[in-house]
There are 4 protein chains.
Amino acid sequence: MTVAVDTSSGRRAQTKLANRLAILDAAREVFGEMGFEAATVRDIIRRTNLSVGAFYNYYRSKDEVFAALADDGARRFRPILRAVAAEANDFESYLRAAIRSYFDFLKVEQEVWRLTRPGGESVGHVRNTPEIIAVFDEVRSVFADAMERGLAPKVDLDYLAAGCIAVAREIGDRMMERRPVEVEPAVEFVVRLIIGGVGALPRSEF
Amino acid sequence: MTVAVDTSSGRRAQTKLANRLAILDAAREVFGEMGFEAATVRDIIRRTNLSVGAFYNYYRSKDEVFAALADDGARRFRPILRAVAAEANDFESYLRAAIRSYFDFLKVEQEVWRLTRPGGESVGHVRNTPEIIAVFDEVRSVFADAMERGLAPKVDLDYLAAGCIAVAREIGDRMMERRPVEVEPAVEFVVRLIIGGVGALPRSEF
Amino acid sequence: MTVAVDTSSGRRAQTKLANRLAILDAAREVFGEMGFEAATVRDIIRRTNLSVGAFYNYYRSKDEVFAALADDGARRFRPILRAVAAEANDFESYLRAAIRSYFDFLKVEQEVWRLTRPGGESVGHVRNTPEIIAVFDEVRSVFADAMERGLAPKVDLDYLAAGCIAVAREIGDRMMERRPVEVEPAVEFVVRLIIGGVGALPRSEF
Amino acid sequence: MTVAVDTSSGRRAQTKLANRLAILDAAREVFGEMGFEAATVRDIIRRTNLSVGAFYNYYRSKDEVFAALADDGARRFRPILRAVAAEANDFESYLRAAIRSYFDFLKVEQEVWRLTRPGGESVGHVRNTPEIIAVFDEVRSVFADAMERGLAPKVDLDYLAAGCIAVAREIGDRMMERRPVEVEPAVEFVVRLIIGGVGALPRSEF
DNA sequence: AATGAATGAGTGTTCATTCAT
DNA sequence: CATGAATGAACACTCATTCAT
C-alpha cells in the first residue's frame with residue numbers, strides 16, 4: 001500500500017525553486033569533487049531528497065545542470081565584479097579589488113570555478129558556456145574602459161584579458177594548494193605582475 | 001631448436017614502431033578534441049588501421065597512452081628549453097627564446113599542449129604526469145638560476161613559474177585561434193608582460 | 001512535498017520479487033549447465049524478460065547471484081534437516097529420513113546441489129559459501145550428537161561427515177541420471193553403506 | 001636482422017615430444033593453480049620456452065590440452081591400479097592398496113586430480129573425458145570381479161563404484177587439507193567405511 | 001616448425017535516460 | 001509532479017585463435 005502525504009500546503013512554486021536549487025547545490029559539490037565525466041546523475045540526486053526521475057523534471061540532462069551551474073556561478077560573480085569596477089578610481093585599484101574578490105570567492109566556493117574555468121580538459125563543456133564568455137567579456141570591457149580613459153596603455157585587448165585571467169586563475173589555484181591559504185600575498189603578486197607587465201606591453205592598434 | 005635473435009632493425013620492428021606512433025598520434029588528436037575522460041579507446045583506434053586488441057599490445061591501458069603522450073610531448077620540448085637556456089646571456093633573451101620555441105612548437109604540434117596543460121579538469125591525470133612536473137621544474141630552475149645570478153629579483157618562485165607558464169599557454173592558445181597565426185607579436189606580448197611584471201613583483205624571502 | 005510510504009505489498013513489490021526469483025531461477029539453470037566461470041550474465045538474463053541493466057538492479061555482481069543461489073538452496077534445505085533430526089529416535093532412522101529428504105529435494109531442484117557441491121573446480125566459489133558450510137556443520141553436529149549419546153561410535157567426525165555427504169551427493173547424482181528416477185533404492189543403498197561402514201570404522205580420539 | 005640458430009642436430013622427433021610434454025606439464029600446473037576457465041593459453045606457454053603459435057602446433061585448442069592432461073593422468077594411474085589388483089588376494093587388501101596408491105598419488109600430484117575429477121564444476125570438460133571414464137570402469141570392473149568371485153556381495157555396481165570413488169575423493173581432499181598430511185589414517189578410514197558398508201548393502205540383481 | 005603481432009567477439013559492469021505507476 | 005525499476009548502448013579490457021613472416 002502506498003500512502004501519499006502532501007506537506008506542500010499549496011506552495012508549489014517555492015518547492016520547485018527549492019528543488020532546483022537543491023539539485024544545483026548538489027551538482028556543484030559533486031562536479032567539484034569528481035569532475036563532470038566521472039560524476040553521475042545518481043551521485044547528484046543522492047545528496048538531495050529527490051529521485052532520479054525528479055532530476056529530469058528540473059533539468060533535461062546532465063549537461064544541462066552543468067551549464068546551469070556555470071551560469072549560476074558566473075551570474076553570482078559578475079555583480080561583484082561590477083561593484084568593484086564602480087568603486088575603483090584607477091586601474092590598479094580596480095584590478096586589486098577584482099583579484100581579491102575572485103580569490104575570496106575561490107576560498108568559499110573553490111569547486112565552482114575549478115570547473116567553470118576555461119582551458120579545462122573537457123573543452124566542449126567548459127569553455128563555451130555562455131556566461132563564462134560573459135565573465136570574460138566583463139573583464140575585457142573593464143580593461144577596454146581603462147584603456148579608453150587612459151588608465152591603461154592601448155594593448156592587444158584579447159591577449160591582455162586572456163593573460164590576466166590565466167594568471168589569476170593559476171595563482172589562485174596555487175594559493176588554494178598552500179597551507180595556510182593566504183589571499184593577500186597572492187593578490188599582491190598577481191596585481192604587481194599584471195600592472196608591471198601592462199606598463200611594458202607593446203602598444204597595439206586594437 | 002631455433003633461437004630467434006632480433007636486432008630490432010627488421011621490418012617487424014619498424015611496423016611496431018609505426019603502430020606505436022600511430023596510436024600516439026591518434027590519441028593526441030582524440031584526447032585533444034574530447035578530453036581524456038570522454039575519449040574512448042575505440043575513438044583512438046578508429047583513426048588507425050589497428051584493432052582494439054592491438055591497442056592493448058602497445059599500451060596497457062587508456063591511462064598509459066595518456067601518460068606516454070604527456071611524456072612524449074614533454075620529452076621533446078625539454079631539450080629545446082635547455083638549449084635555449086644554455087645560449088642566452090640574460091633573462092629576457094632566455095625568456096624570449098623559450099617562448100618563441102614554445103610557440104613554434106605549438107604551431108607544429110598544437111594538440112600536445114592542449115592536453116598536458118595544468119589546470120584541466122582531470123587534475124589527477126594532467127597535472128601530475130611526471131614529465132609535466134619535470135618541465136615545470138625545468139622552467140622553475142631557470143628562473144631560480146636567474147634569481148641567483150641577480151638577473152631577476154627574488155620573488156615567489158612557484159608563483160612566478162606557474163604564472164609565466166599559464167600566460168604562455170593561454171596566449172599561445174589564443175594565438176593559435178587567430179588567422180593568420182602570428183608568432184612574433186604573441187611572443188613579444190608575453191615577454192613584455194612577464195619582464196615588466198617581474199620587475200614590479202613584491203620581493204619574497206623564498 | 002509528497003512522501004511515499006511503501007508497505008511492500010503493492011504490485012511493484014510483487015514484480016520485484018518475481019524478477020528477483022526469475023533471475024535466481026535462470027542463474028540456477030545456467031550455472032548448473034555451464035559452471036560459474038563459463039556462464040555469462042547475458043546467458044542468465046537471456047532466460048528472463050529482463051535486460052542486462054535489470055540484472056544489476058537486483059544483484060550487484062555475477063558473484064552475488066551465485067552466493068544468493070547457494071544461500072537459497074542451503075536455506076531451504078536446512079530446516080528440513082532439522083525437522084528430520086528432531087523426529088528421529090535413532091541414528092539410522094535419522095539418516096534414512098535425512099537422505100530421503102535430500103533425494104526428494106534433488107528430484108525437485110536438481111540443479112541447486114549440482115552447483116553447491118564441494119570438490120568443484122572453482123573452490124573459492126563453491127566450498128566457502130557461508131550457508132554451505134552451515135549445512136555441513138548441521139550434518140556434522142547431528143553426527144556429533146549421535147556419538148555423544150552413544151548411538152554411533154566415536155570416529156573422525158570431519159571425515160565421517162564429509163564422506164557421508166560425498167556419498168549422498170554422488171549416489172544422488174547417479175540416481176538422477178537413471179530412468180526412472182527411483183528414490184527408495186538409492187536411499188536404502190546409501191543408508192546401509194553408511195550405517196554398515198560406520199560400525200566398522202576405526203575409533204578415534206576426536 | 002633475425003638470425004636463426006638451429007641446435008636441433010636432426011633430433012626433430014625428440015624435440016617435438018619434449019615440447020608436447022613441456023606444454024602438458026605447464027598446463028598441469030596452471031590448470032591446477034587457477035582452474036580451466038581462468039587459465040589462459042599465455043599462462044601456460046609462459047612456463048615454457050615456446051611461443052603462443054607453437055602451442056597451436058601441438059594442440060588444436062585449450063580444450064584439447066585439457067583433455068590430453070586428463071588422459072595423461074588417468075593413463076598413469078591405471079597401471080598402478082592394475083598392478084595392485086593383480087597382487088591382492090581379497091577384496092579388502094585390494095581396496096586398501098588401491099586407496100593407498102591413490103592417496104600417495106594425490107600427495108605427489110595433487111593438481112592433476114583436483115582437476116580431472118568428475119563432478120567438478122565444469123562438467124562438460126571434466127566428467128566426459130574418455131580416460132576418466134576408463135578409470136571409473138577400471139574400478140567398477142574390479143568390483144564386478146570381486147562380486148563374481150564371491151569376495152563381495154552382489155550389490156548395485158554403479159552405485160558402489162560411484163560411492164566408493166566419491167568417498168575416496170572427498171576424504172583424499174580433506175586429508176590434503178590437514179597438516180601434517182597423514183595417509184595411513186585416511187586410508188584406514190576409507191577402507192573400513194567401505195568394507196563395513198558393503199557388508200551391509202542390500203543385495204541387488206544387477 | 002616457430003614466432004608474436006593482430007584480430008574481434010565477448011566479458012562484467014555502468015549509467016543517462018525513459019516511463020509505467 | 002514524483003518515483004525508481006527498466007533499458008540497452010557503451011565502456012575498458014581480455015583472450016583464444018590466426019597468419020604473415
# chains A, B, ... in the order shown; residues from 1 in each chain; ligands from 1

$ residues_around --residues "Asn49 of chain D" --least-positions-apart "6" --cutoff "10 Å" --atoms "only C-alpha atoms (C1' of nucleotides)" --output "ChimeraX atom specification"
/D:19,22-23

$ calpha_fit_rmsd --fixed "chain D" --moving "chain C"
4.0 Å

$ residues_around --residues "segment 3-16 of chain F" --least-positions-apart "4" --cutoff "7 Å" --atoms "only C-alpha atoms (C1' of nucleotides)" --output "JSON list (two decimals) with N, CA and C atoms, in the first residue's frame"
[["chain", "number", "residue", "atom", "x", "y", "z"],
["A", 51, "SER", "N", 14.33, 12.11, -6.41],
["A", 51, "SER", "CA", 14.56, 10.86, -7.13],
["A", 51, "SER", "C", 15.18, 11.15, -8.50],
["A", 53, "GLY", "N", 14.06, 10.44, -11.31],
["A", 53, "GLY", "CA", 13.00, 10.99, -12.16],
["A", 53, "GLY", "C", 12.85, 12.48, -11.97],
["C", 51, "SER", "N", 16.52, -7.01, -18.78],
["C", 51, "SER", "CA", 17.69, -6.51, -19.51],
["C", 51, "SER", "C", 18.93, -6.63, -18.65],
["C", 53, "GLY", "N", 20.84, -4.42, -17.57],
["C", 53, "GLY", "CA", 20.77, -3.43, -16.51],
["C", 53, "GLY", "C", 19.96, -3.92, -15.33],
["C", 54, "ALA", "N", 18.83, -4.54, -15.62],
["C", 54, "ALA", "CA", 17.95, -5.01, -14.54],
["C", 54, "ALA", "C", 18.67, -6.02, -13.66]]

$ select_by_dssp --residues "chain C" --states "strand (DSSP E or B)" --output "VMD selection string"
chain C and resid 2 to 6

$ write_last_selection --atoms "C-alpha atoms" --output "PDB file, in the first residue's frame"
ATOM      1  CA  THR C   2       4.907  14.061  -1.291  1.00  0.00           C
ATOM      2  CA  VAL C   3       6.161  11.247   0.847  1.00  0.00           C
ATOM      3  CA  ALA C   4       5.654   7.733  -0.385  1.00  0.00           C
ATOM      4  CA  VAL C   5       5.343   5.069   2.274  1.00  0.00           C
ATOM      5  CA  ASP C   6       5.575   1.669   0.733  1.00  0.00           C
TER       6      ASP C   6
END

$ interface_residues --of "chain E" --to "chain C" --cutoff "12 Å" --atoms "only C-alpha atoms (C1' of nucleotides)" --output "MDAnalysis selection string"
chainID E and resid 10:15 20:21

$ residues_around --residues "Asp156 of chain C" --least-positions-apart "2" --cutoff "10 Å" --atoms "only C-alpha atoms (C1' of nucleotides)" --output "list in words"
Ala144, Pro153, Lys154, Asp158, Tyr159, Leu160, Ala161, Leu201, Pro202, Arg203, Ser204, Glu205 and Phe206 of chain C; Pro185, Ala186 and Phe189 of chain D

$ select_by_dssp --residues "segment 26-128 of chain B" --states "helix (DSSP H, G or I)" --output "number ranges by chain"
B: 26-34, 41-46, 52-58, 62-87, 91-116, 123-126

$ residues_around --residues "Asn89 of chain A" --least-positions-apart "5" --cutoff "12 Å" --atoms "only C-alpha atoms (C1' of nucleotides)" --output "list in words"
Val84, Tyr94, Leu95, Arg96, Ala97, Ala146, Arg149 and Leu151 of chain A

$ closest_residue --among "A:Val65, A:Val139, A:Leu24, A:Met147" --to "Arg78 of chain A" --atoms "only C-alpha atoms"
A:Val139

$ closest_atom_pairs --of "chain A" --to "chain B" --cutoff "7 Å" --atoms "only C-alpha atoms" --output "JSON lines"
{"residue": "A:Gly35", "atom": "CA", "partner": "B:Glu121", "partner_atom": "CA", "distance": 6.4}
{"residue": "A:Glu37", "atom": "CA", "partner": "B:Glu37", "partner_atom": "CA", "distance": 6.3}
{"residue": "A:Leu115", "atom": "CA", "partner": "B:Glu121", "partner_atom": "CA", "distance": 6.4}
{"residue": "A:Gly119", "atom": "CA", "partner": "B:Gly120", "partner_atom": "CA", "distance": 6.5}
{"residue": "A:Gly120", "atom": "CA", "partner": "B:Gly120", "partner_atom": "CA", "distance": 3.9}
{"residue": "A:Glu121", "atom": "CA", "partner": "B:Gly120", "partner_atom": "CA", "distance": 4.5}
{"residue": "A:Ser122", "atom": "CA", "partner": "B:Gly35", "partner_atom": "CA", "distance": 5.0}
{"residue": "A:Tyr159", "atom": "CA", "partner": "B:Ile171", "partner_atom": "CA", "distance": 6.1}
{"residue": "A:Ala162", "atom": "CA", "partner": "B:Glu170", "partner_atom": "CA", "distance": 6.6}
{"residue": "A:Gly163", "atom": "CA", "partner": "B:Val167", "partner_atom": "CA", "distance": 5.1}
{"residue": "A:Ala166", "atom": "CA", "partner": "B:Ala166", "partner_atom": "CA", "distance": 5.7}
{"residue": "A:Val167", "atom": "CA", "partner": "B:Gly163", "partner_atom": "CA", "distance": 5.1}
{"residue": "A:Glu170", "atom": "CA", "partner": "B:Gly163", "partner_atom": "CA", "distance": 6.2}
{"residue": "A:Ile171", "atom": "CA", "partner": "B:Tyr159", "partner_atom": "CA", "distance": 6.1}
{"residue": "A:Phe189", "atom": "CA", "partner": "B:Leu201", "partner_atom": "CA", "distance": 6.2}
{"residue": "A:Arg192", "atom": "CA", "partner": "B:Leu201", "partner_atom": "CA", "distance": 5.2}
{"residue": "A:Leu193", "atom": "CA", "partner": "B:Gly197", "partner_atom": "CA", "distance": 3.8}
{"residue": "A:Ile194", "atom": "CA", "partner": "B:Gly197", "partner_atom": "CA", "distance": 5.7}
{"residue": "A:Ile195", "atom": "CA", "partner": "B:Gly197", "partner_atom": "CA", "distance": 6.6}
{"residue": "A:Gly196", "atom": "CA", "partner": "B:Gly197", "partner_atom": "CA", "distance": 4.0}
{"residue": "A:Gly197", "atom": "CA", "partner": "B:Leu193", "partner_atom": "CA", "distance": 3.7}
{"residue": "A:Val198", "atom": "CA", "partner": "B:Leu193", "partner_atom": "CA", "distance": 5.9}
{"residue": "A:Gly199", "atom": "CA", "partner": "B:Gly196", "partner_atom": "CA", "distance": 6.7}
{"residue": "A:Ala200", "atom": "CA", "partner": "B:Gly196", "partner_atom": "CA", "distance": 5.0}
{"residue": "A:Leu201", "atom": "CA", "partner": "B:Arg192", "partner_atom": "CA", "distance": 5.2}
{"residue": "A:Pro202", "atom": "CA", "partner": "B:Phe189", "partner_atom": "CA", "distance": 6.5}

$ write_last_selection --atoms "C-alpha atoms" --output "compact mmCIF listing (two decimals), in the first residue's frame"
# COMPACT_ATOMS: atom_id res chain seq x y z
CA GLY A 35 34.66 16.24 -12.34
CA GLU A 37 32.52 12.99 -16.64
CA LEU A 115 35.08 23.55 -13.12
CA GLY A 119 41.01 25.90 -20.58
CA GLY A 120 39.80 22.90 -18.66
CA GLU A 121 40.12 19.48 -20.13
CA SER A 122 36.58 18.97 -21.30
CA TYR A 159 45.58 38.81 -25.18
CA ALA A 162 43.12 36.25 -21.50
CA GLY A 163 46.57 36.58 -19.99
CA ALA A 166 45.04 32.93 -16.88
CA VAL A 167 47.45 34.30 -14.29
CA GLU A 170 46.71 29.76 -11.99
CA ILE A 171 47.94 31.71 -8.97
CA PHE A 189 51.68 39.03 -6.59
CA ARG A 192 52.09 43.68 -9.43
CA LEU A 193 52.80 41.18 -12.16
CA ILE A 194 49.98 42.47 -14.28
CA ILE A 195 50.43 46.17 -13.59
CA GLY A 196 54.15 45.96 -14.13
CA GLY A 197 53.66 43.83 -17.20
CA VAL A 198 51.00 46.02 -18.71
CA GLY A 199 53.28 49.03 -18.43
CA ALA A 200 55.85 47.22 -20.51
CA LEU A 201 53.48 45.87 -23.11
CA PRO A 202 53.88 46.68 -26.79

$ atom_distance --atom1 "atom CA of Asp137 of chain B" --atom2 "atom CA of Ala70 of chain B"
15.1 Å

$ atom_distance --atom1 "atom CA of Val183 of chain D" --atom2 "atom CA of Asp104 of chain D"
7.2 Å

$ closest_residue --among "D:Glu92, D:Asp145, D:Asp43, D:Asp71" --to "chain F" --atoms "only C-alpha atoms (C1' of nucleotides)"
D:Asp43
